[in-house]
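K.L.:
As input, take data01.txt (compact mmCIF, C-alpha atoms):
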# COMPACT_ATOMS: atom_id res chain seq x y z
CA MET P 10 14.08 18.87 24.58
CA ASN P 11 12.79 20.47 21.43
CA VAL P 12 16.01 19.68 19.60
CA VAL P 13 15.77 16.05 20.69
CA PHE P 14 12.20 15.78 19.39
CA ASP P 15 13.25 17.39 16.12
CA LEU P 16 16.13 14.95 15.76
CA ILE P 17 13.93 11.91 16.43
CA SER P 18 11.35 13.28 13.99
CA TRP P 19 13.87 13.73 11.20
CA ILE P 20 15.39 10.31 11.81
CA CYS P 21 11.92 8.75 11.57
CA LEU P 22 11.03 10.73 8.44
CA LEU P 23 14.27 9.87 6.62
CA THR P 24 14.06 6.19 7.57
CA GLY P 25 10.45 6.11 6.44
CA GLY P 26 11.36 7.69 3.11
CA ALA P 27 14.14 5.13 2.60
CA VAL P 28 11.76 2.27 3.44
CA ILE P 29 9.11 3.61 1.05
CA ILE P 30 11.57 3.95 -1.83
CA THR P 31 12.90 0.46 -1.11
CA GLY P 32 9.38 -0.95 -1.17
CA ALA P 33 8.53 0.81 -4.42
CA ALA P 34 11.72 -0.51 -6.02
CA GLY P 35 10.70 -3.95 -4.80
CA ILE P 36 7.28 -3.56 -6.40
CA ILE P 37 9.00 -2.73 -9.68
CA ARG P 38 11.75 -5.36 -9.49
CA PHE P 39 10.23 -8.46 -7.93
CA PRO P 40 9.39 -11.27 -10.35
CA ASP P 41 6.06 -12.48 -9.03
CA PHE P 42 2.77 -11.10 -7.84
CA PHE P 43 3.03 -12.53 -4.33
CA THR P 44 6.53 -11.17 -3.77
CA ARG P 45 5.26 -7.81 -4.97
CA LEU P 46 2.51 -8.12 -2.38
CA HIS P 47 5.19 -8.54 0.27
CA ALA P 48 6.99 -5.39 -0.89
CA ALA P 49 3.71 -3.48 -0.88
CA SER P 50 3.02 -4.58 2.70
CA VAL P 51 6.38 -3.14 3.70
CA ILE P 52 5.29 0.25 2.33
CA ASP P 53 1.87 0.01 3.92
CA THR P 54 2.97 -0.83 7.44
CA LEU P 55 6.56 0.14 8.19
CA GLY P 56 6.98 3.14 5.88
CA CYS P 57 3.62 4.62 6.76
CA MET P 58 4.17 4.10 10.48
CA LEU P 59 7.63 5.67 10.41
CA ILE P 60 6.57 8.74 8.43
CA VAL P 61 3.48 9.37 10.55
CA LEU P 62 5.55 8.85 13.72
CA GLY P 63 7.96 11.51 12.50
CA LEU P 64 5.04 13.84 11.84
CA ILE P 65 3.68 13.13 15.34
CA PHE P 66 7.02 14.12 16.88
CA GLN P 67 6.94 17.23 14.71
CA ALA P 68 3.42 18.17 15.80
CA GLY P 69 3.62 17.71 19.54
CA LEU P 70 0.65 16.77 21.71
CA SER P 71 -2.45 18.32 20.19
CA ILE P 72 -5.48 17.44 18.07
CA VAL P 73 -3.17 17.09 15.07
CA SER P 74 -1.26 14.21 16.62
CA ILE P 75 -4.55 12.52 17.57
CA LYS P 76 -5.61 12.73 13.93
CA LEU P 77 -2.27 11.26 12.89
CA VAL P 78 -2.71 8.36 15.31
CA LEU P 79 -6.16 7.86 13.81
CA ILE P 80 -4.65 7.70 10.31
CA VAL P 81 -2.09 5.14 11.48
CA PHE P 82 -4.80 3.01 13.05
CA PHE P 83 -6.95 3.13 9.92
CA ILE P 84 -4.04 2.16 7.70
CA LEU P 85 -2.85 -0.56 10.06
CA PHE P 86 -6.32 -2.10 10.12
CA THR P 87 -7.25 -1.71 6.48
CA THR P 88 -4.13 -2.46 4.45
CA PRO P 89 -3.46 -6.00 5.81
CA THR P 90 -7.14 -6.71 5.20
CA ALA P 91 -6.82 -5.46 1.65
CA ALA P 92 -3.62 -7.46 1.13
CA HIS P 93 -5.28 -10.60 2.43
CA ALA P 94 -8.30 -10.12 0.18
CA LEU P 95 -5.99 -9.43 -2.75
CA ALA P 96 -3.97 -12.62 -2.21
CA LYS P 97 -7.15 -14.64 -1.80
CA ALA P 98 -8.62 -13.20 -4.98
CA ALA P 99 -5.37 -13.87 -6.85
CA LEU P 100 -5.33 -17.50 -5.70
CA HIS P 101 -8.97 -17.91 -6.70
CA GLY P 102 -8.14 -16.36 -10.02
CA GLN P 103 -5.69 -19.24 -10.66
CA LEU P 104 -2.54 -17.17 -10.24
CA LYS P 105 0.10 -19.61 -9.02
CA PRO P 106 3.17 -18.35 -7.16
CA VAL P 107 6.50 -18.85 -8.88
CA LEU P 108 8.47 -21.38 -6.88
CA THR P 109 12.21 -21.94 -7.07
CA GLY P 110 13.12 -24.89 -9.25
CA SER P 111 9.81 -24.97 -11.04
CA GLY P 112 11.48 -23.80 -14.23
CA GLU P 113 9.25 -21.52 -16.22
CA GLN P 114 7.07 -18.79 -14.87
CA THR P 115 3.51 -19.94 -14.41
CA SER P 116 2.03 -16.57 -13.54
CA LYS P 117 -0.66 -15.75 -16.01
CA SER P 118 -3.94 -13.96 -15.85
CA SER P 119 -7.03 -16.08 -15.65
CA MET C 14 8.19 14.38 0.46
CA ILE C 15 10.47 13.77 -2.51
CA ALA C 16 10.79 10.15 -1.35
CA VAL C 17 7.01 9.79 -1.29
CA LEU C 18 6.77 11.34 -4.76
CA VAL C 19 9.43 8.97 -6.14
CA ALA C 20 7.64 6.01 -4.59
CA MET C 21 4.34 7.17 -6.07
CA SER C 22 5.84 7.40 -9.55
CA LEU C 23 7.46 3.95 -9.27
CA VAL C 24 4.21 2.39 -8.09
CA LEU C 25 2.39 4.12 -10.93
CA CYS C 26 4.87 2.53 -13.36
CA ARG C 27 3.93 -0.87 -11.96
CA ALA C 28 0.27 0.01 -12.29
CA ILE C 29 0.75 0.88 -15.96
CA LEU C 30 2.93 -2.07 -17.01
CA GLY C 31 1.65 -4.69 -14.56
CA PRO C 32 1.16 -8.01 -16.30
CA THR C 33 -1.92 -9.15 -14.44
CA ILE C 34 -4.97 -7.36 -13.14
CA TYR C 35 -3.96 -8.10 -9.54
CA ASP C 36 -0.71 -6.22 -10.00
CA ARG C 37 -2.67 -3.19 -11.04
CA ILE C 38 -5.01 -3.48 -8.04
CA LEU C 39 -2.02 -3.89 -5.73
CA ALA C 40 -0.30 -0.86 -7.23
CA MET C 41 -3.50 1.14 -6.86
CA ASN C 42 -3.75 0.15 -3.19
CA VAL C 43 -0.17 1.19 -2.48
CA PHE C 44 -0.74 4.35 -4.48
CA GLY C 45 -3.66 5.19 -2.19
CA THR C 46 -1.50 4.69 0.90
CA THR C 47 1.30 6.84 -0.47
CA THR C 48 -1.24 9.49 -1.42
CA VAL C 49 -2.44 9.57 2.19
CA LEU C 50 1.16 10.02 3.33
CA PHE C 51 1.74 12.68 0.70
CA ILE C 52 -1.32 14.66 1.78
CA ALA C 53 -0.20 14.49 5.42
CA VAL C 54 3.38 15.57 4.67
CA PHE C 55 2.19 18.30 2.31
CA GLY C 56 -0.15 19.65 4.96
CA PHE C 57 2.75 19.82 7.39
CA LEU C 58 5.09 21.45 4.90
CA THR C 59 2.63 24.18 4.01
CA GLY C 60 1.70 24.71 7.65
CA ARG C 61 -1.93 23.71 7.27
CA PRO C 62 -2.64 20.60 9.37
CA GLU C 63 -6.31 20.67 8.31
CA PHE C 64 -5.22 18.50 5.40
CA LEU C 65 -5.16 15.56 7.82
CA ASP C 66 -8.96 15.33 7.66
CA ILE C 67 -8.68 14.85 3.91
CA ALA C 68 -6.01 12.21 4.53
CA ILE C 69 -8.30 10.28 6.91
CA VAL C 70 -11.16 10.34 4.42
CA TYR C 71 -8.82 9.29 1.62
CA ALA C 72 -7.53 6.33 3.64
CA LEU C 73 -11.08 5.05 4.25
CA ILE C 74 -12.18 5.57 0.65
CA SER C 75 -9.04 3.87 -0.70
CA PHE C 76 -9.70 0.78 1.42
CA ILE C 77 -13.33 0.60 0.32
CA LEU C 78 -12.27 1.08 -3.31
CA THR C 79 -9.81 -1.83 -3.15
CA ILE C 80 -12.31 -4.18 -1.52
CA ALA C 81 -15.04 -3.19 -4.00
CA ILE C 82 -12.82 -3.79 -7.05
CA LEU C 83 -11.68 -7.14 -5.65
CA LYS C 84 -15.26 -8.23 -5.09
CA PHE C 85 -16.13 -7.19 -8.62
CA PHE C 86 -13.33 -9.22 -10.17
CA GLU C 87 -13.96 -12.26 -8.00
CA TYR C 88 -17.64 -12.35 -8.89
CA GLY C 89 -16.85 -11.72 -12.53
CA ASP C 90 -14.65 -14.79 -12.55
CA MET C 91 -17.28 -16.83 -10.74
CA GLY C 92 -19.87 -15.83 -13.25
CA ARG C 93 -17.79 -16.98 -16.20
CA GLY C 94 -16.06 -20.12 -15.01
CA ALA C 95 -18.20 -21.69 -12.30
CA ALA C 96 -17.85 -25.18 -13.84
CA ASP C 97 -14.07 -25.54 -13.63
CA ARG C 98 -13.92 -23.85 -10.25
CA ASP C 99 -14.96 -27.05 -8.49
CA GLU C 100 -11.82 -29.05 -9.22
CA LEU C 101 -9.58 -26.20 -8.12
CA ASP C 102 -7.62 -27.48 -5.12
CA ILE C 103 -6.55 -24.41 -3.21
What would the structure in this file look like if it were written as structure tokens?
P.N.:
Amino acid sequence: MNVVFDLISWICLLTGGAVIITGAAGIIRFPDFFTRLHAASVIDTLGCMLIVLGLIFQAGLSIVSIKLVLIVFFILFTTPTAAHALAKAALHGQLKPVLTGSGEQTSKSS
Amino acid sequence: MIAVLVAMSLVLCRAILGPTIYDRILAMNVFGTTTVLFIAVFGFLTGRPEFLDIAIVYALISFILTIAILKFFEYGDMGRGAADRDELDI
């Protein structure tokens, strides 16, 4: 049973690390602010959830895992709120998304 | 842990060379999240799970920091260009 929990924990941790590196590469490589926001949301939800789930399987059922669940709940509530506020502020700041076929890039700071 | 460190450095690159101010705020937000993860993983690796309290506090403070900076920049824009904000159709 312990070996099974360890295996699940390491699978979750490695997948979470891969997702986080993928999201960070997306933040570097994507051409537009709004696509970068999408890549950042991948880090904030999926990567964070996978890594903390791996740590929960590592910790077992104790006060530590309750704290980890608390961290996951905080991050799951706060980071979509922050992403929404960020996209709204960017639209209010006259930052247009780059659409396909529109030719030049129209993303500029207000 | 190495993955989280690599992600933190990549996000920091975006924060340094981001073209607009929103890219920098976004990178700072993601940097806060990865810092929370890094604190949690570091606490587990060194065998001291008390670091999770610091991670919880850091998550809350990072969220409040992002919202506060966004409010500041939105109101700064409103203060400067309130006249041409009316014909903005979004």
K.L.:
Hey, which bits of chain P sit within 9 Å of range 44-52 of chain C, and for each residue what's the closest pair of atoms and how far apart in Å (one decimal), counting all atoms listed in the file, rows by chain and increasing number, as a Markdown table?
P.N.:
| residue | atom | partner | partner_atom | distance |
| --- | --- | --- | --- | --- |
| P:Ile29 | CA | C:Thr47 | CA | 8.6 |
| P:Ile52 | CA | C:Thr47 | CA | 8.2 |
| P:Asp53 | CA | C:Thr46 | CA | 6.5 |
| P:Cys57 | CA | C:Leu50 | CA | 6.9 |
| P:Ile60 | CA | C:Leu50 | CA | 7.5 |
| P:Val61 | CA | C:Leu50 | CA | 7.6 |
| P:Ile80 | CA | C:Val49 | CA | 8.6 |
| P:Ile84 | CA | C:Thr46 | CA | 7.7 |
| P:Thr88 | CA | C:Thr46 | CA | 8.4 |
K.L.:
Please indicate the distance in Å from CA of Asp41 in chain P to CA of Ile82 in chain C, rounded to one decimal place.
P.N.:
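Separation of CA of Asp41 in chain P and CA of Ile82 in chain C: 20.9 Å.
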K.L.:
List the neighbours of Gly60 in chain C out to 12 Å using all atoms listed in the file; skip same-chain residues closer than 4 positions along the sequence, and give me the result as an MDAnalysis selection string.
P.N.:
(chainID P and resid 67:68 73) or (chainID C and resid 53:56 64:65)
K.L.:
Take the selection from the previous step and output its residues with C-alpha atoms, as a PDB file, in the frame of the given file.
P.N.:
ATOM      1  CA  GLN P  67       6.940  17.230  14.710  1.00  0.00           C
ATOM      2  CA  ALA P  68       3.420  18.170  15.800  1.00  0.00           C
ATOM      3  CA  VAL P  73      -3.170  17.090  15.070  1.00  0.00           C
TER       4      VAL P  73
ATOM      5  CA  ALA C  53      -0.200  14.490   5.420  1.00  0.00           C
ATOM      6  CA  VAL C  54       3.380  15.570   4.670  1.00  0.00           C
ATOM      7  CA  PHE C  55       2.190  18.300   2.310  1.00  0.00           C
ATOM      8  CA  GLY C  56      -0.150  19.650   4.960  1.00  0.00           C
ATOM      9  CA  PHE C  64      -5.220  18.500   5.400  1.00  0.00           C
ATOM     10  CA  LEU C  65      -5.160  15.560   7.820  1.00  0.00           C
TER      11      LEU C  65
END
K.L.:
Taking all atoms listed in the file into account and nothing else, which residues of chain P lie no more than 7 Å away from chain C? Please answer as an mmCIF file with C-alpha atoms, in the coordinates of the input.
P.N.:
data_model
loop_
_atom_site.group_PDB
_atom_site.id
_atom_site.type_symbol
_atom_site.label_atom_id
_atom_site.label_comp_id
_atom_site.auth_asym_id
_atom_site.auth_seq_id
_atom_site.Cartn_x
_atom_site.Cartn_y
_atom_site.Cartn_z
ATOM 1 C CA GLY P 26 11.360 7.690 3.110
ATOM 2 C CA ILE P 29 9.110 3.610 1.050
ATOM 3 C CA ILE P 30 11.570 3.950 -1.830
ATOM 4 C CA ALA P 33 8.530 0.810 -4.420
ATOM 5 C CA ALA P 34 11.720 -0.510 -6.020
ATOM 6 C CA ILE P 36 7.280 -3.560 -6.400
ATOM 7 C CA ILE P 37 9.000 -2.730 -9.680
ATOM 8 C CA PHE P 42 2.770 -11.100 -7.840
ATOM 9 C CA ALA P 49 3.710 -3.480 -0.880
ATOM 10 C CA ASP P 53 1.870 0.010 3.920
ATOM 11 C CA CYS P 57 3.620 4.620 6.760
ATOM 12 C CA VAL P 73 -3.170 17.090 15.070
ATOM 13 C CA LYS P 76 -5.610 12.730 13.930
ATOM 14 C CA ILE P 80 -4.650 7.700 10.310
ATOM 15 C CA ILE P 84 -4.040 2.160 7.700
ATOM 16 C CA THR P 87 -7.250 -1.710 6.480
ATOM 17 C CA ALA P 91 -6.820 -5.460 1.650
ATOM 18 C CA LEU P 95 -5.990 -9.430 -2.750
ATOM 19 C CA ALA P 98 -8.620 -13.200 -4.980
ATOM 20 C CA ALA P 99 -5.370 -13.870 -6.850
ATOM 21 C CA LYS P 117 -0.660 -15.750 -16.010
ATOM 22 C CA SER P 118 -3.940 -13.960 -15.850
#
K.L.:
Around range 70-76 of chain P, with edges along x, y and z and 5 Å added on all six sides, what centre and edge lengths do you get, in Å to one decimal, as lines of an AutoDock Vina configuration file?
P.N.:
center_x = -2.5
center_y = 15.4
center_z = 17.8
size_x = 16.3
size_y = 15.8
size_z = 17.8
K.L.:
Do you have the CA of Leu55 in chain P-CA of Val81 in chain P distance handy?
P.N.:
10.5 Å
K.L.:
Rounded to one decimal, what separation in Å do you get between CA of Asn11 in chain P and CA of Phe82 in chain P?
P.N.:
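These two atoms are separated by 26.2 Å.
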K.L.:
Under the rule that all atoms listed in the file are counted, which of P:Pro89, P:Asp15, P:Cys21, P:Arg38 is the nearest residue to Val51 in chain P?
P.N.:
P:Pro89
